[in-house]
$ cat entry_10.cif   # mmCIF, C-alpha atoms
data_query
#
loop_
_atom_site.group_PDB
_atom_site.id
_atom_site.type_symbol
_atom_site.label_atom_id
_atom_site.label_comp_id
_atom_site.auth_asym_id
_atom_site.auth_seq_id
_atom_site.Cartn_x
_atom_site.Cartn_y
_atom_site.Cartn_z
ATOM 1 C CA MET A 68 0.000 0.000 0.000
ATOM 2 C CA THR A 69 1.415 3.391 -0.957
ATOM 3 C CA GLY A 70 1.420 6.353 1.390
ATOM 4 C CA ALA A 71 -1.251 8.043 -0.740
ATOM 5 C CA GLN A 72 -3.485 4.953 -0.509
ATOM 6 C CA GLU A 73 -2.972 4.795 3.244
ATOM 7 C CA PHE A 74 -3.802 8.524 3.531
ATOM 8 C CA ILE A 75 -7.009 8.097 1.493
ATOM 9 C CA GLY A 76 -7.916 5.022 3.558
ATOM 10 C CA LEU A 77 -7.496 7.032 6.752
ATOM 11 C CA LEU A 78 -9.864 9.690 5.424
ATOM 12 C CA ASP A 79 -12.413 7.022 4.489
ATOM 13 C CA THR A 80 -12.518 5.426 7.952
ATOM 14 C CA LYS A 81 -15.093 6.467 10.505
ATOM 15 C CA GLY A 82 -14.030 9.181 12.905
ATOM 16 C CA ARG A 83 -13.706 12.912 13.371
ATOM 17 C CA ARG A 84 -10.627 14.477 11.839
ATOM 18 C CA VAL A 85 -9.341 17.917 11.002
ATOM 19 C CA LEU A 86 -6.592 18.300 8.401
ATOM 20 C CA VAL A 87 -3.915 20.968 8.541
ATOM 21 C CA SER A 88 -1.650 21.293 5.516
ATOM 22 C CA GLN A 89 0.923 23.687 4.187
ATOM 23 C CA GLU A 90 -0.762 23.869 0.776
ATOM 24 C CA LEU A 91 -4.042 22.657 -0.690
ATOM 25 C CA ILE A 92 -3.916 18.856 -1.031
ATOM 26 C CA ASP A 93 -3.763 17.593 -4.623
ATOM 27 C CA LEU A 94 -2.907 13.891 -4.759
ATOM 28 C CA ARG A 95 -2.591 14.113 -8.552
ATOM 29 C CA ARG A 96 0.539 16.255 -8.142
ATOM 30 C CA LEU A 97 2.733 14.427 -5.667
ATOM 31 C CA ASP A 98 5.845 16.105 -7.039
ATOM 32 C CA SER A 99 4.814 19.308 -5.231
ATOM 33 C CA PRO A 100 6.091 19.427 -1.621
ATOM 34 C CA ASN A 101 3.387 19.516 1.021
ATOM 35 C CA THR A 102 3.140 18.766 4.724
ATOM 36 C CA ILE A 103 -0.121 17.335 6.041
ATOM 37 C CA TYR A 104 -1.198 16.747 9.633
ATOM 38 C CA VAL A 105 -4.351 14.739 10.286
ATOM 39 C CA LEU A 106 -5.734 15.544 13.732
ATOM 40 C CA GLN A 107 -7.860 12.736 15.167
ATOM 41 C CA LEU A 108 -10.585 13.966 17.527
ATOM 42 C CA PRO A 109 -12.568 11.778 19.946
ATOM 43 C CA ASP A 110 -15.502 9.921 18.386
ATOM 44 C CA GLY A 111 -18.953 11.068 19.371
ATOM 45 C CA SER A 112 -18.102 14.762 19.299
ATOM 46 C CA THR A 113 -20.811 17.076 18.067
ATOM 47 C CA ALA A 114 -20.503 19.953 15.637
ATOM 48 C CA ALA A 115 -19.458 22.123 18.600
ATOM 49 C CA GLY A 116 -16.642 19.705 19.319
ATOM 50 C CA GLY A 117 -18.545 18.014 22.131
ATOM 51 C CA ARG A 118 -18.964 21.322 23.870
ATOM 52 C CA GLY A 119 -22.448 22.247 25.049
ATOM 53 C CA GLY A 120 -23.282 25.571 23.447
ATOM 54 C CA GLY A 121 -19.703 25.832 22.215
ATOM 55 C CA PHE A 122 -18.147 25.886 25.696
ATOM 56 C CA GLY A 123 -15.523 23.479 26.954
ATOM 57 C CA GLU A 124 -12.690 22.027 24.917
ATOM 58 C CA ARG A 125 -11.957 20.052 21.807
ATOM 59 C CA ARG A 126 -8.962 17.802 22.235
ATOM 60 C CA ILE A 127 -6.714 15.939 19.857
ATOM 61 C CA ILE A 128 -6.189 12.250 20.634
ATOM 62 C CA LYS A 129 -3.787 11.383 17.798
ATOM 63 C CA VAL A 130 -1.908 13.076 14.953
ATOM 64 C CA TYR A 131 -0.840 11.486 11.667
ATOM 65 C CA HIS A 132 1.952 13.292 9.802
ATOM 66 C CA TYR A 133 2.295 12.916 6.002
ATOM 67 C CA GLU A 134 4.673 14.529 3.515
ATOM 68 C CA SER A 135 4.355 14.667 -0.251
ATOM 69 C CA GLY A 136 6.959 15.530 -2.847
ATOM 70 C CA GLU A 137 9.267 13.878 -5.336
ATOM 71 C CA GLY A 138 6.322 11.917 -6.777
ATOM 72 C CA ALA A 139 5.191 10.230 -3.560
ATOM 73 C CA CYS A 140 3.122 10.690 -0.434
ATOM 74 C CA ARG A 141 4.668 9.172 2.706
ATOM 75 C CA LYS A 142 3.502 8.726 6.274
ATOM 76 C CA VAL A 143 6.249 10.255 8.414
ATOM 77 C CA ASN A 144 4.959 9.513 11.900
ATOM 78 C CA GLU A 145 2.046 9.112 14.298
ATOM 79 C CA PHE A 146 1.846 10.940 17.618
ATOM 80 C CA GLU A 147 -0.185 10.012 20.705
ATOM 81 C CA ASP A 148 1.815 11.738 23.473
ATOM 82 C CA PRO A 149 -0.871 13.695 25.389
ATOM 83 C CA GLU A 150 1.646 16.314 26.529
ATOM 84 C CA LYS A 151 2.662 17.132 22.950
ATOM 85 C CA LEU A 152 -0.903 16.949 21.605
ATOM 86 C CA GLU A 153 -2.161 19.374 24.253
ATOM 87 C CA SER A 154 0.438 21.881 23.019
ATOM 88 C CA LEU A 155 -1.035 22.001 19.517
ATOM 89 C CA ASP A 156 -3.326 24.855 18.520
ATOM 90 C CA LEU A 157 -6.571 23.619 16.996
ATOM 91 C CA PRO A 158 -7.555 25.305 13.741
ATOM 92 C CA TYR A 159 -10.872 26.793 14.828
ATOM 93 C CA HIS A 160 -10.992 28.457 11.400
ATOM 94 C CA ALA A 161 -11.178 25.051 9.633
ATOM 95 C CA THR A 162 -13.966 24.783 7.090
ATOM 96 C CA ALA A 163 -14.995 22.423 4.295
ATOM 97 C CA PHE A 164 -11.643 21.626 2.711
ATOM 98 C CA PRO A 165 -11.362 19.983 -0.726
ATOM 99 C CA ILE A 166 -8.808 17.237 -1.362
ATOM 100 C CA LEU A 167 -8.156 16.311 -4.986
ATOM 101 C CA LEU A 168 -7.815 12.529 -5.270
ATOM 102 C CA PRO A 169 -5.532 10.763 -7.790
ATOM 103 C CA ASP A 170 -8.517 10.071 -10.083
ATOM 104 C CA GLY A 171 -9.428 13.787 -10.168
ATOM 105 C CA LYS A 172 -12.456 13.465 -7.872
ATOM 106 C CA GLU A 173 -12.846 15.840 -4.976
ATOM 107 C CA LYS A 174 -13.346 14.800 -1.349
ATOM 108 C CA LEU A 175 -14.520 17.369 1.189
ATOM 109 C CA VAL A 176 -13.129 17.139 4.710
ATOM 110 C CA SER A 177 -12.760 19.550 7.599
ATOM 111 C CA GLY A 178 -9.444 21.328 7.330
ATOM 112 C CA VAL A 179 -7.302 24.298 6.474
ATOM 113 C CA ALA A 180 -4.178 25.149 4.483
ATOM 114 C CA ASP A 181 -2.141 27.210 6.942
ATOM 115 C CA PRO A 182 1.676 27.320 6.581
ATOM 116 C CA GLU A 183 2.128 29.085 9.937
ATOM 117 C CA LEU A 184 0.109 26.444 11.783
ATOM 118 C CA VAL A 185 2.097 23.673 10.045
ATOM 119 C CA SER A 186 5.303 25.374 11.188
ATOM 120 C CA SER A 187 4.071 25.497 14.787
ATOM 121 C CA TYR A 188 3.162 21.770 14.623
ATOM 122 C CA ARG A 189 6.666 20.973 13.339
ATOM 123 C CA GLN A 190 8.179 22.777 16.326
ATOM 124 C CA VAL A 191 6.006 20.877 18.836
ATOM 125 C CA LEU A 192 6.098 17.426 17.219
ATOM 126 C CA GLY A 193 9.615 17.509 15.813
#
$ encode --input "entry_10.cif" --output "structure tokens"
Amino acid sequence: MTGAQEFIGLLDTKGRRVLVSQELIDLRRLDSPNTIYVLQLPDGSTAAGGRGGGFGERRIIKVYHYESGEGACRKVNEFEDPEKLESLDLPYHATAFPILLPDGKEKLVSGVADPELVSSYRQVLG
């Protein structure tokens, strides 16, 4: 299974995720460098992130890190260290985020292309 197939499979599994990438995600152009973090949120969260009336917190339980470039998409790492995950800023500005699949179809997920946020994740996660 290629990294791109694994990435698509992750998006197709049940669960709440928010994607944070350096650039828009186009899996047809894997020669373009891109950094992608997939933030796994607890299952059963509501649209307000499990927060009644929007109060409380949304927490990250796992992060998947992918890189694309040089014609491939690769999984770099997975992170589950609560101390590190609590240090990450959640992208509250995430909206419907289109991912272009290898066959040209579009898949909408929750996410954002934010180079500054990607940089901050790199500093926290290494």
$ residues_around --input "entry_10.cif" --residues "His160 (chain A)" --least-positions-apart "3" --cutoff "12 Å" --atoms "only C-alpha atoms" --output "list in words"
Val85, Leu86, Val87, Asp156, Leu157, Ala163, Phe164, Ser177, Gly178, Val179, Ala180, Asp181 and Leu184 of chain A
$ residues_around --input "entry_10.cif" --residues "Lys129 (chain A)" --least-positions-apart "4" --cutoff "6 Å" --atoms "all atoms listed in the file" --output "JSON, numbers by chain"
{"A": [107, 146, 147]}
$ axis_aligned_box --input "entry_10.cif" --around "region 126-145 of chain A" --padding-each-side "4 Å" --output "lines of an AutoDock Vina configuration file"
center_x = 0.2
center_y = 13.3
center_z = 7.7
size_x = 26.2
size_y = 17.1
size_z = 37.0
$ closest_residue --input "entry_10.cif" --among "A:Val143, A:Leu77, A:Ile103, A:Leu152" --to "Arg126 (chain A)" --atoms "only C-alpha atoms"
A:Leu152
$ atom_distance --input "entry_10.cif" --atom1 "CA of Gly136 (chain A)" --atom2 "CA of Ser99 (chain A)"
5.0 Å
$ resolve_selection --input "entry_10.cif" --expression "the PyMOL selection byres ((chain A and resi 131) around 7)" --output "list in words"
Tyr104, Val105, Leu106, Lys129, Val130, His132, Tyr133, Asn144, Glu145 and Phe146 of chain A
$ resolve_selection --input "entry_10.cif" --expression "the PyMOL selection byres ((chain A and resi 70) around 9)" --output "PyMOL selection string"
chain A and resi 68-69+71-75+133+135+139-142
$ atom_distance --input "entry_10.cif" --atom1 "CA of Pro100 (chain A)" --atom2 "CA of Gly171 (chain A)"
18.6 Å
$ closest_residue --input "entry_10.cif" --among "A:Pro182, A:Pro149, A:Gly193, A:Pro169" --to "Thr102 (chain A)" --atoms "all atoms listed in the file"
A:Pro182
$ closest_residue --input "entry_10.cif" --among "A:Leu91, A:Ser154, A:Arg84, A:Asp110" --to "Arg189 (chain A)" --atoms "only C-alpha atoms"
A:Ser154
$ atom_distance --input "entry_10.cif" --atom1 "CA of Gly138 (chain A)" --atom2 "CA of Tyr188 (chain A)"
23.8 Å
$ decode --input "entry_10.cif" --residues "chain A" --atoms "C-alpha atoms" --output "PDB file, in the first residue's frame"
ATOM      1  CA  MET A  68       0.000   0.000   0.000  1.00  0.00           C
ATOM      2  CA  THR A  69       1.415   3.391  -0.957  1.00  0.00           C
ATOM      3  CA  GLY A  70       1.420   6.353   1.390  1.00  0.00           C
ATOM      4  CA  ALA A  71      -1.251   8.043  -0.740  1.00  0.00           C
ATOM      5  CA  GLN A  72      -3.485   4.953  -0.509  1.00  0.00           C
ATOM      6  CA  GLU A  73      -2.972   4.795   3.244  1.00  0.00           C
ATOM      7  CA  PHE A  74      -3.802   8.524   3.531  1.00  0.00           C
ATOM      8  CA  ILE A  75      -7.009   8.097   1.493  1.00  0.00           C
ATOM      9  CA  GLY A  76      -7.916   5.022   3.558  1.00  0.00           C
ATOM     10  CA  LEU A  77      -7.496   7.032   6.752  1.00  0.00           C
ATOM     11  CA  LEU A  78      -9.864   9.690   5.424  1.00  0.00           C
ATOM     12  CA  ASP A  79     -12.413   7.022   4.489  1.00  0.00           C
ATOM     13  CA  THR A  80     -12.518   5.426   7.952  1.00  0.00           C
ATOM     14  CA  LYS A  81     -15.093   6.467  10.505  1.00  0.00           C
ATOM     15  CA  GLY A  82     -14.030   9.181  12.905  1.00  0.00           C
ATOM     16  CA  ARG A  83     -13.706  12.912  13.371  1.00  0.00           C
ATOM     17  CA  ARG A  84     -10.627  14.477  11.839  1.00  0.00           C
ATOM     18  CA  VAL A  85      -9.341  17.917  11.002  1.00  0.00           C
ATOM     19  CA  LEU A  86      -6.592  18.300   8.401  1.00  0.00           C
ATOM     20  CA  VAL A  87      -3.915  20.968   8.541  1.00  0.00           C
ATOM     21  CA  SER A  88      -1.650  21.293   5.516  1.00  0.00           C
ATOM     22  CA  GLN A  89       0.923  23.687   4.187  1.00  0.00           C
ATOM     23  CA  GLU A  90      -0.762  23.869   0.776  1.00  0.00           C
ATOM     24  CA  LEU A  91      -4.042  22.657  -0.690  1.00  0.00           C
ATOM     25  CA  ILE A  92      -3.916  18.856  -1.031  1.00  0.00           C
ATOM     26  CA  ASP A  93      -3.763  17.593  -4.623  1.00  0.00           C
ATOM     27  CA  LEU A  94      -2.907  13.891  -4.759  1.00  0.00           C
ATOM     28  CA  ARG A  95      -2.591  14.113  -8.552  1.00  0.00           C
ATOM     29  CA  ARG A  96       0.539  16.255  -8.142  1.00  0.00           C
ATOM     30  CA  LEU A  97       2.733  14.427  -5.667  1.00  0.00           C
ATOM     31  CA  ASP A  98       5.845  16.105  -7.039  1.00  0.00           C
ATOM     32  CA  SER A  99       4.814  19.308  -5.231  1.00  0.00           C
ATOM     33  CA  PRO A 100       6.091  19.427  -1.621  1.00  0.00           C
ATOM     34  CA  ASN A 101       3.387  19.516   1.021  1.00  0.00           C
ATOM     35  CA  THR A 102       3.140  18.766   4.724  1.00  0.00           C
ATOM     36  CA  ILE A 103      -0.121  17.335   6.041  1.00  0.00           C
ATOM     37  CA  TYR A 104      -1.198  16.747   9.633  1.00  0.00           C
ATOM     38  CA  VAL A 105      -4.351  14.739  10.286  1.00  0.00           C
ATOM     39  CA  LEU A 106      -5.734  15.544  13.732  1.00  0.00           C
ATOM     40  CA  GLN A 107      -7.860  12.736  15.167  1.00  0.00           C
ATOM     41  CA  LEU A 108     -10.585  13.966  17.527  1.00  0.00           C
ATOM     42  CA  PRO A 109     -12.568  11.778  19.946  1.00  0.00           C
ATOM     43  CA  ASP A 110     -15.502   9.921  18.386  1.00  0.00           C
ATOM     44  CA  GLY A 111     -18.953  11.068  19.371  1.00  0.00           C
ATOM     45  CA  SER A 112     -18.102  14.762  19.299  1.00  0.00           C
ATOM     46  CA  THR A 113     -20.811  17.076  18.067  1.00  0.00           C
ATOM     47  CA  ALA A 114     -20.503  19.953  15.637  1.00  0.00           C
ATOM     48  CA  ALA A 115     -19.458  22.123  18.600  1.00  0.00           C
ATOM     49  CA  GLY A 116     -16.642  19.705  19.319  1.00  0.00           C
ATOM     50  CA  GLY A 117     -18.545  18.014  22.131  1.00  0.00           C
ATOM     51  CA  ARG A 118     -18.964  21.322  23.870  1.00  0.00           C
ATOM     52  CA  GLY A 119     -22.448  22.247  25.049  1.00  0.00           C
ATOM     53  CA  GLY A 120     -23.282  25.571  23.447  1.00  0.00           C
ATOM     54  CA  GLY A 121     -19.703  25.832  22.215  1.00  0.00           C
ATOM     55  CA  PHE A 122     -18.147  25.886  25.696  1.00  0.00           C
ATOM     56  CA  GLY A 123     -15.523  23.479  26.954  1.00  0.00           C
ATOM     57  CA  GLU A 124     -12.690  22.027  24.917  1.00  0.00           C
ATOM     58  CA  ARG A 125     -11.957  20.052  21.807  1.00  0.00           C
ATOM     59  CA  ARG A 126      -8.962  17.802  22.235  1.00  0.00           C
ATOM     60  CA  ILE A 127      -6.714  15.939  19.857  1.00  0.00           C
ATOM     61  CA  ILE A 128      -6.189  12.250  20.634  1.00  0.00           C
ATOM     62  CA  LYS A 129      -3.787  11.383  17.798  1.00  0.00           C
ATOM     63  CA  VAL A 130      -1.908  13.076  14.953  1.00  0.00           C
ATOM     64  CA  TYR A 131      -0.840  11.486  11.667  1.00  0.00           C
ATOM     65  CA  HIS A 132       1.952  13.292   9.802  1.00  0.00           C
ATOM     66  CA  TYR A 133       2.295  12.916   6.002  1.00  0.00           C
ATOM     67  CA  GLU A 134       4.673  14.529   3.515  1.00  0.00           C
ATOM     68  CA  SER A 135       4.355  14.667  -0.251  1.00  0.00           C
ATOM     69  CA  GLY A 136       6.959  15.530  -2.847  1.00  0.00           C
ATOM     70  CA  GLU A 137       9.267  13.878  -5.336  1.00  0.00           C
ATOM     71  CA  GLY A 138       6.322  11.917  -6.777  1.00  0.00           C
ATOM     72  CA  ALA A 139       5.191  10.230  -3.560  1.00  0.00           C
ATOM     73  CA  CYS A 140       3.122  10.690  -0.434  1.00  0.00           C
ATOM     74  CA  ARG A 141       4.668   9.172   2.706  1.00  0.00           C
ATOM     75  CA  LYS A 142       3.502   8.726   6.274  1.00  0.00           C
ATOM     76  CA  VAL A 143       6.249  10.255   8.414  1.00  0.00           C
ATOM     77  CA  ASN A 144       4.959   9.513  11.900  1.00  0.00           C
ATOM     78  CA  GLU A 145       2.046   9.112  14.298  1.00  0.00           C
ATOM     79  CA  PHE A 146       1.846  10.940  17.618  1.00  0.00           C
ATOM     80  CA  GLU A 147      -0.185  10.012  20.705  1.00  0.00           C
ATOM     81  CA  ASP A 148       1.815  11.738  23.473  1.00  0.00           C
ATOM     82  CA  PRO A 149      -0.871  13.695  25.389  1.00  0.00           C
ATOM     83  CA  GLU A 150       1.646  16.314  26.529  1.00  0.00           C
ATOM     84  CA  LYS A 151       2.662  17.132  22.950  1.00  0.00           C
ATOM     85  CA  LEU A 152      -0.903  16.949  21.605  1.00  0.00           C
ATOM     86  CA  GLU A 153      -2.161  19.374  24.253  1.00  0.00           C
ATOM     87  CA  SER A 154       0.438  21.881  23.019  1.00  0.00           C
ATOM     88  CA  LEU A 155      -1.035  22.001  19.517  1.00  0.00           C
ATOM     89  CA  ASP A 156      -3.326  24.855  18.520  1.00  0.00           C
ATOM     90  CA  LEU A 157      -6.571  23.619  16.996  1.00  0.00           C
ATOM     91  CA  PRO A 158      -7.555  25.305  13.741  1.00  0.00           C
ATOM     92  CA  TYR A 159     -10.872  26.793  14.828  1.00  0.00           C
ATOM     93  CA  HIS A 160     -10.992  28.457  11.400  1.00  0.00           C
ATOM     94  CA  ALA A 161     -11.178  25.051   9.633  1.00  0.00           C
ATOM     95  CA  THR A 162     -13.966  24.783   7.090  1.00  0.00           C
ATOM     96  CA  ALA A 163     -14.995  22.423   4.295  1.00  0.00           C
ATOM     97  CA  PHE A 164     -11.643  21.626   2.711  1.00  0.00           C
ATOM     98  CA  PRO A 165     -11.362  19.983  -0.726  1.00  0.00           C
ATOM     99  CA  ILE A 166      -8.808  17.237  -1.362  1.00  0.00           C
ATOM    100  CA  LEU A 167      -8.156  16.311  -4.986  1.00  0.00           C
ATOM    101  CA  LEU A 168      -7.815  12.529  -5.270  1.00  0.00           C
ATOM    102  CA  PRO A 169      -5.532  10.763  -7.790  1.00  0.00           C
ATOM    103  CA  ASP A 170      -8.517  10.071 -10.083  1.00  0.00           C
ATOM    104  CA  GLY A 171      -9.428  13.787 -10.168  1.00  0.00           C
ATOM    105  CA  LYS A 172     -12.456  13.465  -7.872  1.00  0.00           C
ATOM    106  CA  GLU A 173     -12.846  15.840  -4.976  1.00  0.00           C
ATOM    107  CA  LYS A 174     -13.346  14.800  -1.349  1.00  0.00           C
ATOM    108  CA  LEU A 175     -14.520  17.369   1.189  1.00  0.00           C
ATOM    109  CA  VAL A 176     -13.129  17.139   4.710  1.00  0.00           C
ATOM    110  CA  SER A 177     -12.760  19.550   7.599  1.00  0.00           C
ATOM    111  CA  GLY A 178      -9.444  21.328   7.330  1.00  0.00           C
ATOM    112  CA  VAL A 179      -7.302  24.298   6.474  1.00  0.00           C
ATOM    113  CA  ALA A 180      -4.178  25.149   4.483  1.00  0.00           C
ATOM    114  CA  ASP A 181      -2.141  27.210   6.942  1.00  0.00           C
ATOM    115  CA  PRO A 182       1.676  27.320   6.581  1.00  0.00           C
ATOM    116  CA  GLU A 183       2.128  29.085   9.937  1.00  0.00           C
ATOM    117  CA  LEU A 184       0.109  26.444  11.783  1.00  0.00           C
ATOM    118  CA  VAL A 185       2.097  23.673  10.045  1.00  0.00           C
ATOM    119  CA  SER A 186       5.303  25.374  11.188  1.00  0.00           C
ATOM    120  CA  SER A 187       4.071  25.497  14.787  1.00  0.00           C
ATOM    121  CA  TYR A 188       3.162  21.770  14.623  1.00  0.00           C
ATOM    122  CA  ARG A 189       6.666  20.973  13.339  1.00  0.00           C
ATOM    123  CA  GLN A 190       8.179  22.777  16.326  1.00  0.00           C
ATOM    124  CA  VAL A 191       6.006  20.877  18.836  1.00  0.00           C
ATOM    125  CA  LEU A 192       6.098  17.426  17.219  1.00  0.00           C
ATOM    126  CA  GLY A 193       9.615  17.509  15.813  1.00  0.00           C
TER     127      GLY A 193
END
